[in-house]
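A.B. asks: File name target08.txt; file contents compact mmCIF, C-alpha atoms; full text below.
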```txt
# COMPACT_ATOMS: atom_id res chain seq x y z
CA MET G 268 85.12 -46.23 -38.37
CA SER G 269 82.73 -44.06 -40.32
CA LEU G 270 81.73 -40.58 -39.29
CA GLU G 271 78.24 -41.88 -38.62
CA THR G 272 79.57 -44.53 -36.20
CA ILE G 273 81.71 -42.00 -34.34
CA THR G 274 78.77 -39.66 -33.98
CA LYS G 275 76.53 -42.47 -32.71
CA THR G 276 79.17 -43.61 -30.18
CA GLU G 277 79.76 -40.08 -28.91
CA THR G 278 76.08 -39.49 -28.54
CA LYS G 279 75.66 -42.71 -26.57
CA GLU G 280 78.55 -41.84 -24.24
CA ASP G 281 77.28 -38.30 -23.70
CA THR G 282 73.87 -39.64 -22.79
CA SER G 283 75.23 -42.16 -20.31
CA LEU G 284 77.23 -39.44 -18.57
CA ASP G 285 74.22 -37.23 -18.15
CA ILE G 286 71.45 -39.47 -16.88
CA PRO G 287 68.34 -37.35 -16.55
CA TRP G 288 66.63 -36.95 -13.20
CA ARG G 289 62.93 -36.57 -12.60
CA VAL G 290 61.50 -34.03 -10.21
CA VAL G 291 58.39 -35.65 -8.75
CA VAL G 292 55.81 -33.83 -6.64
CA LEU G 293 53.71 -35.99 -4.31
CA ASN G 294 50.18 -35.34 -3.12
CA ASP G 295 49.38 -33.90 0.29
CA PRO G 296 45.97 -33.13 1.77
CA VAL G 297 46.93 -29.68 3.06
CA ASN G 298 47.96 -27.45 0.19
CA LEU G 299 45.27 -25.54 -1.67
CA MET G 300 44.89 -26.26 -5.36
CA SER G 301 45.38 -22.56 -6.14
CA TYR G 302 48.59 -22.61 -4.07
CA VAL G 303 50.02 -25.61 -5.96
CA VAL G 304 49.18 -24.02 -9.33
CA MET G 305 50.84 -20.77 -8.24
CA VAL G 306 53.98 -22.59 -7.09
CA PHE G 307 54.27 -24.52 -10.36
CA LYS G 308 53.97 -21.27 -12.29
CA LYS G 309 56.52 -19.45 -10.14
CA VAL G 310 59.12 -22.19 -9.71
CA LEU G 311 58.86 -24.11 -12.98
CA GLY G 312 57.65 -21.32 -15.25
CA PHE G 313 54.50 -23.23 -16.28
CA ASN G 314 51.57 -21.41 -17.83
CA GLU G 315 48.15 -21.70 -16.18
CA THR G 316 47.04 -24.68 -18.29
CA LYS G 317 50.19 -26.72 -17.70
CA ALA G 318 50.31 -25.85 -14.00
CA THR G 319 46.67 -26.89 -13.58
CA LYS G 320 47.26 -30.15 -15.48
CA HIS G 321 50.15 -31.11 -13.17
CA MET G 322 48.25 -30.02 -10.06
CA ARG G 323 45.35 -32.30 -11.08
CA GLU G 324 47.78 -35.14 -11.73
CA VAL G 325 49.24 -34.75 -8.24
CA HIS G 326 45.77 -34.61 -6.73
CA GLU G 327 44.26 -37.52 -8.67
CA LEU G 328 47.21 -39.85 -9.19
CA GLY G 329 49.19 -38.99 -6.07
CA ARG G 330 52.26 -37.78 -7.99
CA SER G 331 53.35 -35.87 -11.03
CA ILE G 332 56.68 -35.67 -12.85
CA VAL G 333 57.02 -31.93 -13.20
CA TRP G 334 60.46 -31.77 -14.75
CA SER G 335 63.17 -34.02 -16.14
CA GLY G 336 66.75 -33.16 -16.99
CA ASN G 337 70.23 -32.70 -15.59
CA ARG G 338 70.90 -33.33 -11.93
CA GLU G 339 71.97 -29.84 -10.95
CA LYS G 340 68.85 -28.20 -12.31
CA ALA G 341 66.64 -30.97 -10.92
CA GLU G 342 68.14 -30.38 -7.48
CA ASN G 343 67.52 -26.67 -7.80
CA PHE G 344 63.85 -27.21 -8.64
CA ALA G 345 63.46 -29.78 -5.86
CA TYR G 346 64.93 -27.35 -3.35
CA GLN G 347 62.59 -24.56 -4.37
CA LEU G 348 59.55 -26.85 -4.33
CA GLN G 349 60.47 -28.09 -0.86
CA HIS G 350 60.91 -24.50 0.26
CA TRP G 351 57.28 -23.99 -0.83
CA HIS G 352 56.42 -27.08 1.26
CA LEU G 353 55.50 -29.31 -1.65
CA GLN G 354 56.52 -32.94 -1.05
CA THR G 355 59.20 -33.48 -3.68
CA ILE G 356 61.52 -36.33 -4.53
CA LEU G 357 64.17 -36.89 -7.20
CA GLU G 358 64.27 -40.10 -9.23
CA LYS G 359 66.65 -41.34 -11.90
CA ASP G 360 64.93 -41.24 -15.27
CA ASP G 361 66.04 -44.75 -16.32
CA MET K 277 51.51 -2.68 0.38
CA ILE K 278 48.97 -5.49 0.27
CA GLU K 279 45.75 -4.97 2.21
CA PHE K 280 42.53 -6.95 2.32
CA ARG K 281 39.85 -7.97 4.75
CA LEU K 282 39.18 -11.60 5.49
CA ARG K 283 35.68 -12.92 4.79
CA VAL K 284 35.55 -14.20 8.34
CA ASP K 285 33.67 -12.82 11.33
CA SER K 286 36.20 -10.77 13.30
CA ARG K 287 35.01 -12.46 16.53
CA ILE K 288 36.43 -15.68 15.13
CA THR K 289 39.78 -14.14 14.20
CA ARG K 290 40.02 -12.46 17.62
CA GLY K 291 39.22 -15.77 19.29
CA ILE K 292 41.77 -17.87 17.45
CA ALA K 293 44.58 -15.30 17.08
CA PRO K 294 46.38 -16.41 20.29
CA LEU K 295 46.12 -20.03 19.21
CA ILE K 296 47.61 -19.20 15.80
CA VAL K 297 50.55 -17.60 17.62
CA LYS K 298 50.92 -20.76 19.74
CA CYS K 299 50.96 -22.99 16.64
CA PHE K 300 53.38 -20.59 14.97
CA SER K 301 55.81 -20.97 17.89
CA GLU K 302 55.52 -24.76 17.76
CA CYS K 303 56.50 -24.79 14.07
CA ARG K 304 60.11 -24.02 14.97
CA ASN K 305 60.42 -27.60 16.23
CA ARG K 306 58.84 -29.17 13.18
CA SER K 307 60.98 -31.66 11.25
CA LEU K 308 62.38 -30.64 7.90
CA PRO K 309 61.10 -32.32 4.73
CA ALA K 310 62.79 -35.56 3.68
CA PHE K 311 65.87 -35.18 1.51
CA PRO K 312 64.68 -35.61 -2.10
CA TYR K 313 67.17 -38.32 -3.09
CA LEU K 314 65.64 -41.34 -1.43
CA ASP K 315 68.86 -43.39 -1.48
CA GLU K 316 71.38 -40.60 -0.83
CA LYS K 317 74.18 -41.59 1.55
CA ASP K 318 76.25 -38.39 1.47
CA GLY K 319 75.73 -37.01 4.98
CA ASP K 320 77.40 -33.67 4.18
CA LEU K 321 75.07 -33.07 1.26
CA VAL K 322 72.02 -33.87 3.39
CA ASP K 323 73.26 -31.61 6.21
CA SER K 324 73.90 -28.74 3.84
CA TRP K 325 70.47 -29.14 2.20
CA GLU K 326 68.68 -29.22 5.56
CA SER K 327 70.65 -26.33 6.94
CA SER K 328 69.76 -24.10 3.96
CA LEU K 329 66.11 -25.08 4.10
CA GLY K 330 66.04 -24.44 7.86
CA GLU K 331 67.41 -20.92 7.31
CA ASP K 332 64.90 -20.21 4.54
CA PHE K 333 62.00 -21.44 6.68
CA ALA K 334 63.17 -19.23 9.56
CA GLN K 335 63.18 -16.21 7.25
CA ASP K 336 59.64 -17.04 6.11
CA ARG K 337 58.50 -17.27 9.75
CA GLN K 338 59.92 -13.83 10.49
CA ALA K 339 57.72 -12.35 7.77
CA LEU K 340 54.69 -14.14 9.20
CA ALA K 341 55.57 -12.89 12.68
CA ARG K 342 55.33 -9.33 11.35
CA LEU K 343 51.79 -10.05 10.11
CA LEU K 344 50.69 -11.80 13.31
CA ASN K 345 52.07 -8.96 15.45
CA SER K 346 50.01 -6.42 13.56
CA ALA K 347 47.05 -5.29 15.68
CA LYS K 348 44.82 -5.39 12.61
CA PHE K 349 45.24 -9.09 11.99
CA ALA K 350 43.19 -10.17 15.01
CA HIS K 351 40.39 -7.98 13.63
CA GLY K 352 40.42 -9.76 10.29
CA TYR K 353 42.63 -7.43 8.27
CA VAL K 354 45.67 -8.62 6.37
CA GLU K 355 48.23 -5.88 5.81
CA LEU K 356 51.79 -6.59 4.73
CA ASP K 357 54.59 -5.42 2.47
CA GLU K 358 54.46 -6.94 -1.00
CA GLU K 359 57.94 -8.35 -0.56
CA ASP K 360 56.69 -10.37 2.43
CA ALA K 361 53.80 -11.99 0.53
CA GLU K 362 55.58 -15.11 -0.73
CA LEU K 363 57.35 -15.65 2.57
CA VAL K 364 54.05 -15.39 4.46
CA LEU K 365 52.36 -17.78 2.03
CA ARG K 366 55.03 -20.38 2.72
CA ALA K 367 55.06 -19.86 6.48
CA ILE K 368 51.27 -20.23 6.60
CA THR K 369 51.57 -23.52 4.72
CA GLU K 370 53.97 -24.69 7.39
CA ILE K 371 51.50 -23.81 10.16
CA ARG K 372 48.60 -25.50 8.35
CA MET K 373 50.72 -28.65 7.96
CA HIS K 374 51.64 -28.51 11.64
CA VAL K 375 47.99 -28.05 12.67
CA ARG K 376 46.96 -30.94 10.44
CA GLU K 377 49.65 -33.23 11.87
CA GLN K 378 49.29 -32.30 15.53
CA TYR K 379 45.65 -31.35 16.09
CA LEU K 380 43.48 -32.57 13.22
CA GLY K 381 44.45 -36.24 13.18
CA ALA K 382 40.80 -37.16 13.77
CA LEU K 383 39.83 -35.69 10.39
CA THR K 384 40.36 -37.66 7.21
CA ASP K 385 42.27 -36.35 4.20
CA VAL K 386 39.02 -36.41 2.23
CA GLU K 387 37.23 -34.29 4.85
CA LEU K 388 40.04 -31.74 4.75
CA GLU K 389 40.31 -31.68 0.95
CA THR K 390 36.58 -31.36 0.33
CA GLY K 391 35.87 -29.17 3.35
CA GLU K 392 32.92 -31.41 4.15
CA VAL K 393 33.38 -31.41 7.90
CA SER K 394 30.35 -31.42 10.20
CA PHE K 395 31.83 -28.80 12.48
CA SER K 396 29.28 -28.98 15.30
CA GLN K 397 29.80 -32.73 15.61
CA LYS K 398 33.53 -32.39 16.13
CA SER K 399 34.95 -32.23 19.65
CA SER K 400 35.71 -28.86 21.22
CA SER K 401 39.41 -29.78 21.21
CA ILE K 402 39.35 -30.00 17.40
CA GLN K 403 37.05 -27.09 16.52
CA PRO K 404 39.44 -24.16 17.18
CA PHE K 405 42.24 -25.85 15.26
CA TYR K 406 39.98 -26.54 12.32
CA LEU K 407 39.03 -22.86 12.35
CA ILE K 408 42.73 -21.93 12.29
CA TYR K 409 43.18 -24.28 9.34
CA LEU K 410 40.33 -22.58 7.46
CA VAL K 411 41.17 -18.99 8.35
CA LEU K 412 44.79 -19.43 7.31
CA ALA K 413 43.62 -20.94 4.01
CA GLU K 414 41.50 -17.81 3.56
CA VAL K 415 44.59 -15.65 4.12
CA GLN K 416 46.44 -17.70 1.51
CA GLU K 417 43.63 -17.41 -1.04
CA GLY K 418 43.60 -13.64 -0.55
CA LEU K 419 47.35 -13.36 -0.93
CA ILE K 420 47.42 -15.55 -4.05
CA GLN K 421 44.79 -13.32 -5.65
CA GLU K 422 46.86 -10.27 -4.78
CA ILE K 423 50.16 -11.47 -6.17
CA MET K 424 49.14 -13.47 -9.25
```
Since I need it in another form, could you write the structure as structure tokens?

C.D. replies:
Amino acid sequence: MSLETITKTETKEDTSLDIPWRVVVLNDPVNLMSYVVMVFKKVLGFNETKATKHMREVHELGRSIVWSGNREKAENFAYQLQHWHLQTILEKDD
Amino acid sequence: MIEFRLRVDSRITRGIAPLIVKCFSECRNRSLPAFPYLDEKDGDLVDSWESSLGEDFAQDRQALARLLNSAKFAHGYVELDEEDAELVLRAITEIRMHVREQYLGALTDVELETGEVSFSQKSSSIQPFYLIYLVLAEVQEGLIQEIM
């Protein structure tokens, strides 16, 4: 087995063990646009432009994937977003 | 200390202040948000998540109670410690969601999002709750401007 093969195999196994999760925010008719932008900036560390882009996506498309990555961090973001009363779900990033 | 005056006639804030307190009290019985894993079967994990959120929401409500108990609030003044600002923002969101769910069912999402509501044509049972919804949004806008 060549070094290249080993590296490829290891990479594949590592990836399968750490399936990314998506943090998805759903639209609601109550929250102010300025509130949603502020929450995205505070919780996810977005700048104004990125926060506004995701807020518009939520508003116009009904949902926005605001983060993707390991389960523990995804859970942490989902908890904070729910604490701010944003409708949030977690999905496997298949 | 954060201080600002609402751009709302103080007769309105005086009129709806008791109703805001009523809605605030009702929020304690509001259901918690759905657990974010849609197919999660681990009951302990769900219980732990909900219990933590419940405690955090209760803490937010305590900060809002301090604002609502202030004599100035009914006269249209918002005065609170800076450290309470985020908690109050969240607790107000909870009340606005409760008001929307319980008292503003006759209004469409589009009416609420655009603010295009013909107020005088709405029934007297809806009008005060719609005012609460708007005044609390005004408090939120003011707070967001203060903290961002």

A.B. asks: One number please: CA of Asp332 in chain K to CA of Leu363 in chain K, in Å, one decimal.

C.D. replies: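 Interatomic distance, CA of Asp332 in chain K to CA of Leu363 in chain K: 9.0 Å.
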
A.B. asks: With 10 Å as the limit and counting all atoms listed in the file, what residues in chain K lie close to chain G? Please list them as an NGL selection string.

C.D. replies: :K and (308-315 or 325-326 or 328-330 or 332-333 or 336 or 362-363 or 365-367 or 369-370 or 372-377 or 384-390 or 409 or 413 or 416-417 or 419-421 or 423-424)

A.B. asks: Might you pull out every residue within 8 Å of Gly336 in chain G, with only C-alpha atoms counted and same-chain residues fewer than 6 positions away left off, and present them as a ChimeraX atom specification?

C.D. replies: /G:286-289

A.B. asks: Can you tell me how far CA of Gln338 in chain K sits from CA of Thr289 in chain K, in Å to one decimal?

C.D. replies: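 So the answer is 20.5 Å.
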
A.B. asks: Which residues, written as number ranges by chain, have at least one atom at most 12 Å from Ile296 in chain K, with only C-alpha atoms counted and residues fewer than 4 positions away on the same chain left out?

C.D. replies: K: 288-292, 300-303, 340-341, 343-345, 349-350, 367-368, 370-372, 374-375, 404-412

A.B. asks: Name the closest residue to Glu331 in chain K among the candidates K:Asp285, K:Glu279, K:Arg304, K:Asp360; distances are taken between atoms, counting all atoms listed in the file.

C.D. replies: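 The shortest atom-to-atom distance to Glu331 in chain K comes from K:Arg304.
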
A.B. asks: Provide the CA of Arg337 in chain K to CA of Leu348 in chain G distance in Å, to one decimal place.

C.D. replies: 17.1 Å

A.B. asks: I want to know what sits within 9 Å of range 322-325 of chain G, based on all atoms listed in the file, with residues of the same chain fewer than 3 positions away left out; could you give that as a VMD selection string?

C.D. replies: chain G and resid 292 to 295 300 to 301 303 to 304 307 317 to 319 328 to 332

A.B. asks: Go through K:Tyr353, K:Leu380, K:Glu359, K:Phe280 and flag the residue nearest Gln403 in chain K, using only C-alpha atoms for the distances.

C.D. replies: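 For Gln403 in chain K, the nearest of the candidates is K:Leu380.
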
A.B. asks: Kindly indicate which residue among K:Ile402, K:Leu295, K:Leu356, K:Val364 lies nearest to Gly381 in chain K, using all atoms listed in the file for the distances.

C.D. replies: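 Between K:Ile402, K:Leu295, K:Leu356, K:Val364, the residue approaching Gly381 in chain K most closely is K:Ile402.
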